[in-house]
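Peer 1: Quick one, run.cif (mmCIF, C-alpha atoms, pLDDT in the B column; chains and numbers go by the auth columns):
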```
data_upload
loop_
_atom_site.group_PDB
_atom_site.id
_atom_site.type_symbol
_atom_site.label_atom_id
_atom_site.label_comp_id
_atom_site.label_asym_id
_atom_site.label_seq_id
_atom_site.Cartn_x
_atom_site.Cartn_y
_atom_site.Cartn_z
_atom_site.B_iso_or_equiv
_atom_site.auth_seq_id
_atom_site.auth_asym_id
ATOM 1 C CA MET A 1 -18.134 -70.737 14.861 49.00 8 A
ATOM 2 C CA THR A 2 -18.392 -74.369 15.945 47.00 9 A
ATOM 3 C CA TYR A 3 -15.129 -76.249 15.827 50.00 10 A
ATOM 4 C CA THR A 4 -14.943 -79.867 14.792 47.00 11 A
ATOM 5 C CA PRO A 5 -12.012 -82.147 13.913 42.00 12 A
ATOM 6 C CA LYS A 6 -12.671 -81.374 10.241 44.00 13 A
ATOM 7 C CA THR A 7 -12.434 -77.655 10.991 48.00 14 A
ATOM 8 C CA TRP A 8 -9.030 -78.089 12.579 47.00 15 A
ATOM 9 C CA ILE A 9 -7.915 -80.263 9.661 41.00 16 A
ATOM 10 C CA ARG A 10 -8.819 -77.474 7.257 45.00 17 A
ATOM 11 C CA LEU A 11 -7.052 -74.848 9.355 46.00 18 A
ATOM 12 C CA GLY A 12 -4.065 -76.831 10.447 46.00 19 A
ATOM 13 C CA PHE A 13 -2.923 -79.602 8.126 42.00 20 A
ATOM 14 C CA GLY A 14 -2.100 -77.209 5.323 42.00 21 A
ATOM 15 C CA ALA A 15 0.548 -75.719 7.610 43.00 22 A
ATOM 16 C CA ALA A 16 1.621 -78.776 9.611 41.00 23 A
ATOM 17 C CA LEU A 17 5.241 -78.492 8.546 37.00 24 A
ATOM 18 C CA LEU A 18 5.180 -74.777 9.305 40.00 25 A
ATOM 19 C CA GLY A 19 3.758 -75.508 12.722 43.00 26 A
ATOM 20 C CA THR A 20 6.707 -77.731 13.522 42.00 27 A
ATOM 21 C CA ALA A 21 9.026 -74.918 12.558 41.00 28 A
ATOM 22 C CA SER A 22 7.071 -72.500 14.701 41.00 29 A
ATOM 23 C CA LEU A 23 7.303 -74.737 17.732 39.00 30 A
ATOM 24 C CA ALA A 24 11.029 -74.959 17.338 40.00 31 A
ATOM 25 C CA ALA A 25 11.390 -71.233 16.757 40.00 32 A
ATOM 26 C CA CYS A 26 9.284 -70.236 19.722 41.00 33 A
ATOM 27 C CA GLY A 27 11.469 -72.247 22.044 43.00 34 A
ATOM 28 C CA GLY A 28 14.298 -69.851 21.324 41.00 35 A
ATOM 29 C CA GLU A 29 12.799 -66.524 20.410 42.00 36 A
ATOM 30 C CA GLY A 30 15.375 -63.791 20.421 39.00 37 A
ATOM 31 C CA GLU A 31 14.325 -60.792 18.411 41.00 38 A
ATOM 32 C CA ASN A 32 15.457 -57.405 19.633 40.00 39 A
ATOM 33 C CA ASN A 33 13.147 -55.523 21.961 41.00 40 A
ATOM 34 C CA GLU A 34 10.823 -58.493 22.408 40.00 41 A
ATOM 35 C CA HIS A 35 10.606 -60.913 25.289 39.00 42 A
ATOM 36 C CA GLY A 36 8.090 -63.590 24.360 39.00 43 A
ATOM 37 C CA GLU A 37 8.664 -65.430 27.662 40.00 44 A
ATOM 38 C CA ALA A 38 10.798 -68.087 25.982 38.00 45 A
ATOM 39 C CA GLY A 39 14.136 -66.370 25.572 38.00 46 A
ATOM 40 C CA GLU A 40 14.048 -63.087 23.699 38.00 47 A
ATOM 41 C CA GLY A 41 16.743 -60.362 23.675 37.00 48 A
ATOM 42 C CA GLN A 42 18.967 -60.008 26.729 36.00 49 A
ATOM 43 C CA ALA A 43 18.267 -56.317 27.225 36.00 50 A
ATOM 44 C CA VAL A 44 14.546 -56.804 27.277 35.00 51 A
ATOM 45 C CA ILE A 45 14.779 -59.826 29.541 32.00 52 A
ATOM 46 C CA ALA A 46 16.544 -57.600 32.022 35.00 53 A
ATOM 47 C CA GLY A 47 13.890 -54.931 31.685 37.00 54 A
ATOM 48 C CA GLU A 48 10.981 -57.362 31.867 37.00 55 A
ATOM 49 C CA ALA A 49 12.282 -59.764 34.489 36.00 56 A
ATOM 50 C CA GLY A 50 9.176 -59.367 36.599 37.00 57 A
ATOM 51 C CA GLU A 51 6.878 -60.613 33.845 38.00 58 A
ATOM 52 C CA VAL A 52 6.423 -64.364 33.472 35.00 59 A
ATOM 53 C CA GLY A 53 3.727 -64.850 30.877 40.00 60 A
ATOM 54 C CA GLU A 54 0.702 -62.686 30.401 43.00 61 A
ATOM 55 C CA SER A 55 -1.461 -64.885 32.608 41.00 62 A
ATOM 56 C CA GLY A 56 0.628 -64.056 35.647 40.00 63 A
ATOM 57 C CA GLU A 57 0.781 -60.307 35.334 43.00 64 A
ATOM 58 C CA GLY A 58 -0.110 -58.205 38.284 38.00 65 A
ATOM 59 C CA GLU A 59 0.382 -60.944 40.821 38.00 66 A
ATOM 60 C CA GLY A 60 4.102 -60.808 41.402 37.00 67 A
ATOM 61 C CA GLY A 61 4.646 -57.222 42.442 38.00 68 A
ATOM 62 C CA GLU A 62 5.188 -55.674 39.032 41.00 69 A
ATOM 63 C CA GLY A 63 4.629 -51.980 38.563 47.00 70 A
ATOM 64 C CA GLU A 64 6.301 -48.723 39.338 51.00 71 A
ATOM 65 C CA SER A 65 8.014 -49.718 42.578 46.00 72 A
ATOM 66 C CA GLY A 66 11.770 -49.439 42.911 52.00 73 A
ATOM 67 C CA ALA A 67 14.327 -47.391 41.012 58.00 74 A
ATOM 68 C CA ALA A 68 13.549 -46.516 37.416 57.00 75 A
ATOM 69 C CA LEU A 69 15.250 -48.715 34.862 55.00 76 A
ATOM 70 C CA ASP A 70 17.411 -47.443 32.041 61.00 77 A
ATOM 71 C CA PRO A 71 14.956 -46.621 29.212 62.00 78 A
ATOM 72 C CA ALA A 72 17.022 -48.864 26.936 66.00 79 A
ATOM 73 C CA LEU A 73 15.934 -51.829 29.059 72.00 80 A
ATOM 74 C CA LEU A 74 12.224 -51.085 28.677 86.00 81 A
ATOM 75 C CA LEU A 75 9.927 -52.214 25.895 92.00 82 A
ATOM 76 C CA PRO A 76 9.600 -49.612 23.155 95.00 83 A
ATOM 77 C CA VAL A 77 6.448 -47.520 23.493 96.00 84 A
ATOM 78 C CA ASN A 78 4.896 -49.003 20.354 97.00 85 A
ATOM 79 C CA GLN A 79 5.286 -52.553 21.647 97.00 86 A
ATOM 80 C CA ARG A 80 3.913 -51.710 25.084 97.00 87 A
ATOM 81 C CA ALA A 81 1.008 -49.896 23.453 98.00 88 A
ATOM 82 C CA ALA A 82 0.276 -53.000 21.372 98.00 89 A
ATOM 83 C CA LEU A 83 0.248 -55.178 24.498 98.00 90 A
ATOM 84 C CA LEU A 84 -2.069 -52.761 26.288 98.00 91 A
ATOM 85 C CA SER A 85 -4.370 -52.821 23.273 98.00 92 A
ATOM 86 C CA GLY A 86 -4.401 -56.608 23.426 98.00 93 A
ATOM 87 C CA HIS A 87 -5.549 -56.627 27.047 99.00 94 A
ATOM 88 C CA LEU A 88 -8.179 -54.014 26.244 99.00 95 A
ATOM 89 C CA ALA A 89 -9.471 -55.985 23.248 99.00 96 A
ATOM 90 C CA THR A 90 -9.909 -59.070 25.422 99.00 97 A
ATOM 91 C CA ALA A 91 -11.572 -57.091 28.207 99.00 98 A
ATOM 92 C CA THR A 92 -13.991 -55.475 25.770 98.00 99 A
ATOM 93 C CA ALA A 93 -14.948 -58.824 24.229 98.00 100 A
ATOM 94 C CA LEU A 94 -15.473 -60.416 27.636 98.00 101 A
ATOM 95 C CA ALA A 95 -17.460 -57.477 28.984 98.00 102 A
ATOM 96 C CA ARG A 96 -19.701 -57.629 25.919 96.00 103 A
ATOM 97 C CA VAL A 97 -20.766 -61.193 26.753 96.00 104 A
ATOM 98 C CA GLY A 98 -21.158 -60.585 30.471 96.00 105 A
ATOM 99 C CA ALA A 99 -17.862 -62.008 31.734 98.00 106 A
ATOM 100 C CA ALA A 100 -17.184 -58.907 33.836 98.00 107 A
ATOM 101 C CA GLU A 101 -14.842 -60.547 36.322 98.00 108 A
ATOM 102 C CA ASP A 102 -12.565 -61.942 33.626 98.00 109 A
ATOM 103 C CA ALA A 103 -12.660 -58.613 31.802 99.00 110 A
ATOM 104 C CA ALA A 104 -11.573 -56.788 34.949 99.00 111 A
ATOM 105 C CA ILE A 105 -8.637 -59.187 35.368 98.00 112 A
ATOM 106 C CA GLN A 106 -7.384 -58.244 31.897 98.00 113 A
ATOM 107 C CA LEU A 107 -7.464 -54.555 32.747 98.00 114 A
ATOM 108 C CA ARG A 108 -5.823 -55.114 36.109 97.00 115 A
ATOM 109 C CA ASN A 109 -3.032 -57.076 34.428 96.00 116 A
ATOM 110 C CA ALA A 110 -2.560 -54.355 31.837 96.00 117 A
ATOM 111 C CA LEU A 111 -1.902 -51.721 34.500 94.00 118 A
ATOM 112 C CA ALA A 112 0.164 -54.016 36.744 92.00 119 A
ATOM 113 C CA ASP A 113 2.706 -54.907 34.081 85.00 120 A
ATOM 114 C CA PHE A 114 4.759 -51.723 34.033 88.00 121 A
ATOM 115 C CA GLU A 115 8.404 -51.725 35.015 83.00 122 A
ATOM 116 C CA ALA A 116 9.777 -49.003 37.263 81.00 123 A
ATOM 117 C CA GLY A 117 9.770 -45.728 35.372 85.00 124 A
ATOM 118 C CA GLU A 118 7.806 -47.104 32.436 92.00 125 A
ATOM 119 C CA LEU A 119 4.424 -45.601 33.263 92.00 126 A
ATOM 120 C CA GLY A 120 5.875 -42.100 33.415 93.00 127 A
ATOM 121 C CA ARG A 121 7.480 -42.564 30.017 93.00 128 A
ATOM 122 C CA LEU A 122 4.204 -43.815 28.545 96.00 129 A
ATOM 123 C CA GLU A 123 2.252 -40.916 30.032 96.00 130 A
ATOM 124 C CA ALA A 124 4.766 -38.503 28.517 96.00 131 A
ATOM 125 C CA ALA A 125 4.064 -40.192 25.172 97.00 132 A
ATOM 126 C CA GLY A 126 0.324 -39.625 25.624 98.00 133 A
ATOM 127 C CA PHE A 127 -0.919 -42.689 27.495 98.00 134 A
ATOM 128 C CA ASP A 128 -3.801 -42.075 29.905 98.00 135 A
ATOM 129 C CA PRO A 129 -4.333 -44.949 32.376 97.00 136 A
ATOM 130 C CA ALA A 130 -7.451 -43.376 33.914 98.00 137 A
ATOM 131 C CA PRO A 131 -10.043 -44.877 31.510 98.00 138 A
ATOM 132 C CA ILE A 132 -8.608 -48.375 31.977 98.00 139 A
ATOM 133 C CA ALA A 133 -8.666 -47.996 35.757 98.00 140 A
ATOM 134 C CA ALA A 134 -12.208 -46.621 35.645 98.00 141 A
ATOM 135 C CA ALA A 135 -13.364 -49.490 33.417 99.00 142 A
ATOM 136 C CA GLN A 136 -11.814 -52.018 35.773 98.00 143 A
ATOM 137 C CA GLU A 137 -13.564 -50.433 38.756 98.00 144 A
ATOM 138 C CA ALA A 138 -16.896 -50.397 36.920 98.00 145 A
ATOM 139 C CA LEU A 139 -16.603 -54.050 35.945 98.00 146 A
ATOM 140 C CA GLU A 140 -15.658 -55.090 39.464 98.00 147 A
ATOM 141 C CA SER A 141 -18.612 -53.197 40.943 97.00 148 A
ATOM 142 C CA GLY A 142 -21.159 -54.436 38.426 96.00 149 A
ATOM 143 C CA GLY A 143 -21.433 -51.114 36.616 96.00 150 A
ATOM 144 C CA ASP A 144 -21.415 -50.218 32.926 97.00 151 A
ATOM 145 C CA ALA A 145 -17.859 -49.931 31.620 98.00 152 A
ATOM 146 C CA THR A 146 -18.742 -49.230 27.975 98.00 153 A
ATOM 147 C CA GLU A 147 -17.873 -45.539 28.023 98.00 154 A
ATOM 148 C CA PHE A 148 -14.573 -46.110 29.795 98.00 155 A
ATOM 149 C CA LEU A 149 -13.584 -48.956 27.464 99.00 156 A
ATOM 150 C CA SER A 150 -14.278 -46.762 24.442 98.00 157 A
ATOM 151 C CA ALA A 151 -12.214 -43.926 25.894 99.00 158 A
ATOM 152 C CA ALA A 152 -9.336 -46.284 26.650 99.00 159 A
ATOM 153 C CA ASP A 153 -9.435 -47.630 23.111 98.00 160 A
ATOM 154 C CA ALA A 154 -9.359 -44.151 21.601 98.00 161 A
ATOM 155 C CA ASN A 155 -6.365 -43.246 23.748 99.00 162 A
ATOM 156 C CA LEU A 156 -4.455 -46.382 22.777 98.00 163 A
ATOM 157 C CA VAL A 157 -5.193 -45.931 19.077 97.00 164 A
ATOM 158 C CA THR A 158 -3.668 -42.451 19.308 98.00 165 A
ATOM 159 C CA LEU A 159 -0.727 -43.726 21.358 98.00 166 A
ATOM 160 C CA ARG A 160 0.033 -46.445 18.800 97.00 167 A
ATOM 161 C CA ALA A 161 -0.206 -43.983 15.926 96.00 168 A
ATOM 162 C CA ASP A 162 2.110 -41.506 17.616 97.00 169 A
ATOM 163 C CA ALA A 163 4.589 -44.220 18.615 96.00 170 A
ATOM 164 C CA GLY A 164 4.874 -45.421 15.032 95.00 171 A
ATOM 165 C CA GLY A 165 7.062 -48.375 14.191 94.00 172 A
ATOM 166 C CA ASP A 166 7.056 -50.985 11.465 96.00 173 A
ATOM 167 C CA VAL A 167 3.646 -52.677 11.359 97.00 174 A
ATOM 168 C CA PRO A 168 4.864 -56.115 10.212 97.00 175 A
ATOM 169 C CA ASP A 169 7.431 -56.077 13.020 98.00 176 A
ATOM 170 C CA LEU A 170 4.740 -55.213 15.568 98.00 177 A
ATOM 171 C CA VAL A 171 2.544 -58.025 14.270 98.00 178 A
ATOM 172 C CA ARG A 172 5.459 -60.460 14.556 98.00 179 A
ATOM 173 C CA PHE A 173 5.989 -59.300 18.135 98.00 180 A
ATOM 174 C CA LEU A 174 2.335 -59.892 18.948 99.00 181 A
ATOM 175 C CA MET A 175 2.407 -63.327 17.315 99.00 182 A
ATOM 176 C CA LYS A 176 5.180 -64.416 19.660 98.00 183 A
ATOM 177 C CA ARG A 177 3.244 -63.170 22.662 98.00 184 A
ATOM 178 C CA CYS A 178 0.037 -64.654 21.326 99.00 185 A
ATOM 179 C CA LEU A 179 1.480 -68.146 20.968 99.00 186 A
ATOM 180 C CA SER A 180 3.242 -67.948 24.324 98.00 187 A
ATOM 181 C CA SER A 181 0.038 -66.939 26.111 98.00 188 A
ATOM 182 C CA TYR A 182 -2.000 -69.573 24.301 99.00 189 A
ATOM 183 C CA ARG A 183 0.443 -72.285 25.340 98.00 190 A
ATOM 184 C CA GLU A 184 0.145 -71.108 28.922 98.00 191 A
ATOM 185 C CA GLY A 185 -3.619 -71.279 28.691 98.00 192 A
ATOM 186 C CA VAL A 186 -4.240 -74.513 26.769 98.00 193 A
ATOM 187 C CA SER A 187 -2.750 -77.923 27.433 98.00 194 A
ATOM 188 C CA LEU A 188 -1.625 -80.426 24.832 96.00 195 A
ATOM 189 C CA GLU A 189 -4.719 -82.404 25.864 96.00 196 A
ATOM 190 C CA ASN A 190 -6.791 -79.514 24.491 95.00 197 A
ATOM 191 C CA GLN A 191 -8.005 -78.317 27.892 97.00 198 A
ATOM 192 C CA ILE A 192 -8.027 -74.724 29.144 98.00 199 A
ATOM 193 C CA THR A 193 -5.676 -74.844 32.115 97.00 200 A
ATOM 194 C CA ASP A 194 -5.205 -71.080 32.506 98.00 201 A
ATOM 195 C CA ALA A 195 -8.171 -69.031 31.335 98.00 202 A
ATOM 196 C CA VAL A 196 -6.247 -65.750 31.574 98.00 203 A
ATOM 197 C CA GLY A 197 -3.559 -66.962 29.186 98.00 204 A
ATOM 198 C CA PHE A 198 -6.160 -68.293 26.745 99.00 205 A
ATOM 199 C CA GLN A 199 -8.025 -64.996 26.885 99.00 206 A
ATOM 200 C CA THR A 200 -4.949 -62.779 26.640 98.00 207 A
ATOM 201 C CA ALA A 201 -3.838 -64.567 23.476 99.00 208 A
ATOM 202 C CA TYR A 202 -7.166 -63.594 21.915 99.00 209 A
ATOM 203 C CA GLY A 203 -6.547 -59.892 22.486 99.00 210 A
ATOM 204 C CA TYR A 204 -3.100 -60.086 20.941 99.00 211 A
ATOM 205 C CA ALA A 205 -4.545 -61.779 17.847 99.00 212 A
ATOM 206 C CA VAL A 206 -7.292 -59.156 17.539 99.00 213 A
ATOM 207 C CA THR A 207 -4.809 -56.304 17.924 99.00 214 A
ATOM 208 C CA ALA A 208 -2.490 -57.855 15.334 99.00 215 A
ATOM 209 C CA ARG A 209 -5.416 -58.152 12.927 98.00 216 A
ATOM 210 C CA GLU A 210 -6.253 -54.482 13.503 98.00 217 A
ATOM 211 C CA LEU A 211 -2.672 -53.402 12.907 98.00 218 A
ATOM 212 C CA ALA A 212 -2.383 -55.464 9.726 98.00 219 A
ATOM 213 C CA ALA A 213 -5.605 -53.954 8.407 97.00 220 A
ATOM 214 C CA SER A 214 -3.760 -50.638 8.145 94.00 221 A
ATOM 215 C CA LEU A 215 -1.455 -52.080 5.459 94.00 222 A
ATOM 216 C CA ASP A 216 -2.663 -51.072 2.008 90.00 223 A
ATOM 217 C CA SER A 217 -0.386 -53.074 -0.255 88.00 224 A
ATOM 218 C CA GLU A 218 -1.600 -56.092 -2.198 92.00 225 A
ATOM 219 C CA ASP A 219 1.219 -58.079 -0.601 92.00 226 A
ATOM 220 C CA ALA A 220 -0.430 -57.623 2.809 96.00 227 A
ATOM 221 C CA LYS A 221 -3.652 -59.390 1.863 96.00 228 A
ATOM 222 C CA GLY A 222 -2.233 -62.817 2.629 97.00 229 A
ATOM 223 C CA ALA A 223 -1.214 -61.814 6.159 98.00 230 A
ATOM 224 C CA GLN A 224 -4.563 -60.117 6.709 98.00 231 A
ATOM 225 C CA LEU A 225 -6.401 -63.279 5.700 98.00 232 A
ATOM 226 C CA GLU A 226 -4.303 -65.516 7.933 99.00 233 A
ATOM 227 C CA LEU A 227 -4.805 -63.167 10.884 99.00 234 A
ATOM 228 C CA GLU A 228 -8.548 -63.277 10.318 98.00 235 A
ATOM 229 C CA LEU A 229 -8.411 -67.078 10.382 99.00 236 A
ATOM 230 C CA LEU A 230 -6.316 -66.908 13.550 99.00 237 A
ATOM 231 C CA VAL A 231 -8.927 -64.801 15.359 99.00 238 A
ATOM 232 C CA ARG A 232 -11.632 -67.204 14.197 98.00 239 A
ATOM 233 C CA MET A 233 -9.942 -70.015 16.074 98.00 240 A
ATOM 234 C CA TRP A 234 -11.795 -68.686 19.109 97.00 241 A
ATOM 235 C CA PRO A 235 -15.575 -69.165 19.225 94.00 242 A
ATOM 236 C CA ASP A 236 -17.790 -66.361 17.916 92.00 243 A
ATOM 237 C CA THR A 237 -18.843 -65.703 21.509 91.00 244 A
ATOM 238 C CA GLY A 238 -15.284 -64.714 22.388 92.00 245 A
ATOM 239 C CA PRO A 239 -12.562 -66.149 24.632 97.00 246 A
ATOM 240 C CA LEU A 240 -14.814 -67.414 27.397 97.00 247 A
ATOM 241 C CA ALA A 241 -13.217 -69.636 30.027 96.00 248 A
ATOM 242 C CA GLU A 242 -15.635 -72.457 29.208 95.00 249 A
ATOM 243 C CA ALA A 243 -14.941 -72.355 25.448 95.00 250 A
ATOM 244 C CA ALA A 244 -13.645 -75.336 23.492 95.00 251 A
ATOM 245 C CA PRO A 245 -10.101 -74.285 22.521 97.00 252 A
ATOM 246 C CA ALA A 246 -8.371 -75.031 19.266 97.00 253 A
ATOM 247 C CA PRO A 247 -5.606 -77.626 19.649 98.00 254 A
ATOM 248 C CA VAL A 248 -2.246 -76.064 20.423 98.00 255 A
ATOM 249 C CA MET A 249 -0.568 -77.675 17.412 98.00 256 A
ATOM 250 C CA ASN A 250 -3.188 -76.271 15.047 98.00 257 A
ATOM 251 C CA PHE A 251 -2.895 -72.877 16.691 99.00 258 A
ATOM 252 C CA ALA A 252 0.892 -72.908 16.309 98.00 259 A
ATOM 253 C CA SER A 253 0.492 -73.867 12.658 98.00 260 A
ATOM 254 C CA GLN A 254 -1.778 -70.902 12.048 99.00 261 A
ATOM 255 C CA ILE A 255 0.723 -68.574 13.726 99.00 262 A
ATOM 256 C CA SER A 256 3.310 -69.953 11.314 98.00 263 A
ATOM 257 C CA ARG A 257 1.075 -69.177 8.377 98.00 264 A
ATOM 258 C CA VAL A 258 0.814 -65.573 9.569 98.00 265 A
ATOM 259 C CA GLU A 259 4.576 -65.336 9.996 98.00 266 A
ATOM 260 C CA LEU A 260 5.182 -66.795 6.551 98.00 267 A
ATOM 261 C CA GLU A 261 2.975 -64.152 4.971 97.00 268 A
ATOM 262 C CA LEU A 262 4.688 -61.432 7.005 96.00 269 A
ATOM 263 C CA SER A 263 8.054 -62.560 5.673 95.00 270 A
ATOM 264 C CA THR A 264 7.025 -61.310 2.234 91.00 271 A
ATOM 265 C CA LEU A 265 6.405 -57.752 3.446 91.00 272 A
#
```
Before anything else, please render the file you have as structure tokens.
Peer 2:
Amino acid sequence: MTYTPKTWIRLGFGAALLGTASLAACGGEGENNEHGEAGEGQAVIAGEAGEVGESGEGEGGEGESGAALDPALLLPVNQRAALLSGHLATATALARVGAAEDAAIQLRNALADFEAGELGRLEAAGFDPAPIAAAQEALESGGDATEFLSAADANLVTLRADAGGDVPDLVRFLMKRCLSSYREGVSLENQITDAVGFQTAYGYAVTARELAASLDSEDAKGAQLELELLVRMWPDTGPLAEAAPAPVMNFASQISRVELELSTL
């Protein structure tokens, strides 16, 4: 899809007032068990202190080092599984268009983001990190990662299903992360300043769309439509670093439209 000022007018002006509300809300996010980088619940902030935005994962010593944290301070399995799926969705899209290096970064970040003790808990719940690690290695060495990416996706689909949770709540969680990552990646001057943030936001939007597609009620159709429009705010070629990004204000407005539809579920 080619984006023009008229395109953004169609997508954004209908929700301009909602966008203002979203910007205010995202400055003080505080839902339980979420930590959308801007001030979410105290317990999760303690458990996720090493993570400062999705674009910086894996570069500040996160992982399984140190003493294991109280499980109550860790993200719930369903939320962590949704984040992992977001990274995988971005990596798969980038690998498909030949951006192997950027795809590998997404997978590296996914595996570097665990708090102490979290990986073991996820593995006990059924998570298998091996396909993600193998896909990362293949991408970094110029090999074919298709088989590994497919295996990782199948594992995460099963993990999400087993972890359960309220789908609208998971989509809301991803919307907070999506907007936070997008703001890290795109400046108010409509320039990509952090490609990883811009790309990570894409995966969260795609994963949210996939989750919402599982809702069968008529009431969910509005949210499903708005999530489809959200994903289409990236070019058809995917979240490439050289893409022309949607303006942040328009993006925030579209997030607000999704959240408004979710409020009816």
Peer 1: Could you tell me, as a PDB file with C-alpha atoms, keeping the file's coordinate frame, exactly which residues end up selected when the PyMOL selection byres ((chain A and resi 214) around 12) is applied to this structure?
Peer 2:
```pdb
ATOM      1  CA  GLN A  86       5.286 -52.553  21.647  1.00 97.00           C
ATOM      2  CA  ALA A  88       1.008 -49.896  23.453  1.00 98.00           C
ATOM      3  CA  ALA A  89       0.276 -53.000  21.372  1.00 98.00           C
ATOM      4  CA  LEU A  90       0.248 -55.178  24.498  1.00 98.00           C
ATOM      5  CA  LEU A  91      -2.069 -52.761  26.288  1.00 98.00           C
ATOM      6  CA  SER A  92      -4.370 -52.821  23.273  1.00 98.00           C
ATOM      7  CA  GLY A  93      -4.401 -56.608  23.426  1.00 98.00           C
ATOM      8  CA  HIS A  94      -5.549 -56.627  27.047  1.00 99.00           C
ATOM      9  CA  LEU A  95      -8.179 -54.014  26.244  1.00 99.00           C
ATOM     10  CA  ALA A  96      -9.471 -55.985  23.248  1.00 99.00           C
ATOM     11  CA  THR A  97      -9.909 -59.070  25.422  1.00 99.00           C
ATOM     12  CA  ASP A 160      -9.435 -47.630  23.111  1.00 98.00           C
ATOM     13  CA  LEU A 163      -4.455 -46.382  22.777  1.00 98.00           C
ATOM     14  CA  VAL A 164      -5.193 -45.931  19.077  1.00 97.00           C
ATOM     15  CA  ARG A 167       0.033 -46.445  18.800  1.00 97.00           C
ATOM     16  CA  VAL A 174       3.646 -52.677  11.359  1.00 97.00           C
ATOM     17  CA  LEU A 177       4.740 -55.213  15.568  1.00 98.00           C
ATOM     18  CA  VAL A 178       2.544 -58.025  14.270  1.00 98.00           C
ATOM     19  CA  ARG A 179       5.459 -60.460  14.556  1.00 98.00           C
ATOM     20  CA  PHE A 180       5.989 -59.300  18.135  1.00 98.00           C
ATOM     21  CA  LEU A 181       2.335 -59.892  18.948  1.00 99.00           C
ATOM     22  CA  MET A 182       2.407 -63.327  17.315  1.00 99.00           C
ATOM     23  CA  ARG A 184       3.244 -63.170  22.662  1.00 98.00           C
ATOM     24  CA  CYS A 185       0.037 -64.654  21.326  1.00 99.00           C
ATOM     25  CA  THR A 207      -4.949 -62.779  26.640  1.00 98.00           C
ATOM     26  CA  ALA A 208      -3.838 -64.567  23.476  1.00 99.00           C
ATOM     27  CA  TYR A 209      -7.166 -63.594  21.915  1.00 99.00           C
ATOM     28  CA  GLY A 210      -6.547 -59.892  22.486  1.00 99.00           C
ATOM     29  CA  TYR A 211      -3.100 -60.086  20.941  1.00 99.00           C
ATOM     30  CA  ALA A 212      -4.545 -61.779  17.847  1.00 99.00           C
ATOM     31  CA  VAL A 213      -7.292 -59.156  17.539  1.00 99.00           C
ATOM     32  CA  ALA A 215      -2.490 -57.855  15.334  1.00 99.00           C
ATOM     33  CA  ARG A 216      -5.416 -58.152  12.927  1.00 98.00           C
ATOM     34  CA  GLU A 217      -6.253 -54.482  13.503  1.00 98.00           C
ATOM     35  CA  LEU A 218      -2.672 -53.402  12.907  1.00 98.00           C
ATOM     36  CA  ALA A 219      -2.383 -55.464   9.726  1.00 98.00           C
ATOM     37  CA  ALA A 220      -5.605 -53.954   8.407  1.00 97.00           C
ATOM     38  CA  SER A 221      -3.760 -50.638   8.145  1.00 94.00           C
ATOM     39  CA  GLN A 231      -4.563 -60.117   6.709  1.00 98.00           C
ATOM     40  CA  LEU A 234      -4.805 -63.167  10.884  1.00 99.00           C
ATOM     41  CA  GLU A 235      -8.548 -63.277  10.318  1.00 98.00           C
ATOM     42  CA  LEU A 237      -6.316 -66.908  13.550  1.00 99.00           C
ATOM     43  CA  VAL A 238      -8.927 -64.801  15.359  1.00 99.00           C
TER      44      VAL A 238
END
```
Peer 1: What lies within 12 Å of Thr244 (chain A) using all atoms listed in the file, ignoring chain neighbours under 3 positions off, as an mmCIF file with C-alpha atoms, keeping the file's coordinate frame?
Peer 2:
```cif
data_model
loop_
_atom_site.group_PDB
_atom_site.id
_atom_site.type_symbol
_atom_site.label_atom_id
_atom_site.label_comp_id
_atom_site.auth_asym_id
_atom_site.auth_seq_id
_atom_site.Cartn_x
_atom_site.Cartn_y
_atom_site.Cartn_z
ATOM 1 C CA MET A 8 -18.134 -70.737 14.861
ATOM 2 C CA THR A 9 -18.392 -74.369 15.945
ATOM 3 C CA THR A 97 -9.909 -59.070 25.422
ATOM 4 C CA ALA A 100 -14.948 -58.824 24.229
ATOM 5 C CA LEU A 101 -15.473 -60.416 27.636
ATOM 6 C CA ALA A 102 -17.460 -57.477 28.984
ATOM 7 C CA ARG A 103 -19.701 -57.629 25.919
ATOM 8 C CA VAL A 104 -20.766 -61.193 26.753
ATOM 9 C CA GLY A 105 -21.158 -60.585 30.471
ATOM 10 C CA ALA A 106 -17.862 -62.008 31.734
ATOM 11 C CA TYR A 209 -7.166 -63.594 21.915
ATOM 12 C CA VAL A 238 -8.927 -64.801 15.359
ATOM 13 C CA ARG A 239 -11.632 -67.204 14.197
ATOM 14 C CA MET A 240 -9.942 -70.015 16.074
ATOM 15 C CA TRP A 241 -11.795 -68.686 19.109
ATOM 16 C CA LEU A 247 -14.814 -67.414 27.397
ATOM 17 C CA ALA A 248 -13.217 -69.636 30.027
ATOM 18 C CA GLU A 249 -15.635 -72.457 29.208
ATOM 19 C CA ALA A 250 -14.941 -72.355 25.448
ATOM 20 C CA ALA A 251 -13.645 -75.336 23.492
#
```
Peer 1: Go through the shown structure with the PyMOL selection byres ((chain A and resi 271) around 10) and write out the matching residues as a ChimeraX atom specification.
Peer 2: /A:175,226-227,229-230,266-270,272
Peer 1: Residues picked by the PyMOL selection byres ((chain A and resi 111) around 7) here, as a PyMOL selection string?
Peer 2: chain A and resi 98+107-110+112-115+143+146-147
Peer 1: Can you list, as a list in words, every protein, DNA or RNA residue that comes within 9 Å of Pro252 (chain A) when you count all atoms listed in the file, leaving out same-chain residues fewer than 4 positions away?
Peer 2: Tyr10, Val193, Asn197, Gln198, Ile199, Phe205, Met240, Trp241, Pro242 and Pro246 of chain A
Peer 1: I need the residues from that last selection saved to file as a short mmCIF file (atom, residue, chain, number, x, y, z; two decimals), keeping the file's coordinate frame (with C-alpha atoms), if you can.
Peer 2:
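Saved file selection.cif follows:
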```
data_model
loop_
_atom_site.label_atom_id
_atom_site.label_comp_id
_atom_site.auth_asym_id
_atom_site.auth_seq_id
_atom_site.Cartn_x
_atom_site.Cartn_y
_atom_site.Cartn_z
CA TYR A 10 -15.13 -76.25 15.83
CA VAL A 193 -4.24 -74.51 26.77
CA ASN A 197 -6.79 -79.51 24.49
CA GLN A 198 -8.01 -78.32 27.89
CA ILE A 199 -8.03 -74.72 29.14
CA PHE A 205 -6.16 -68.29 26.74
CA MET A 240 -9.94 -70.02 16.07
CA TRP A 241 -11.80 -68.69 19.11
CA PRO A 242 -15.58 -69.17 19.23
CA PRO A 246 -12.56 -66.15 24.63
#
```
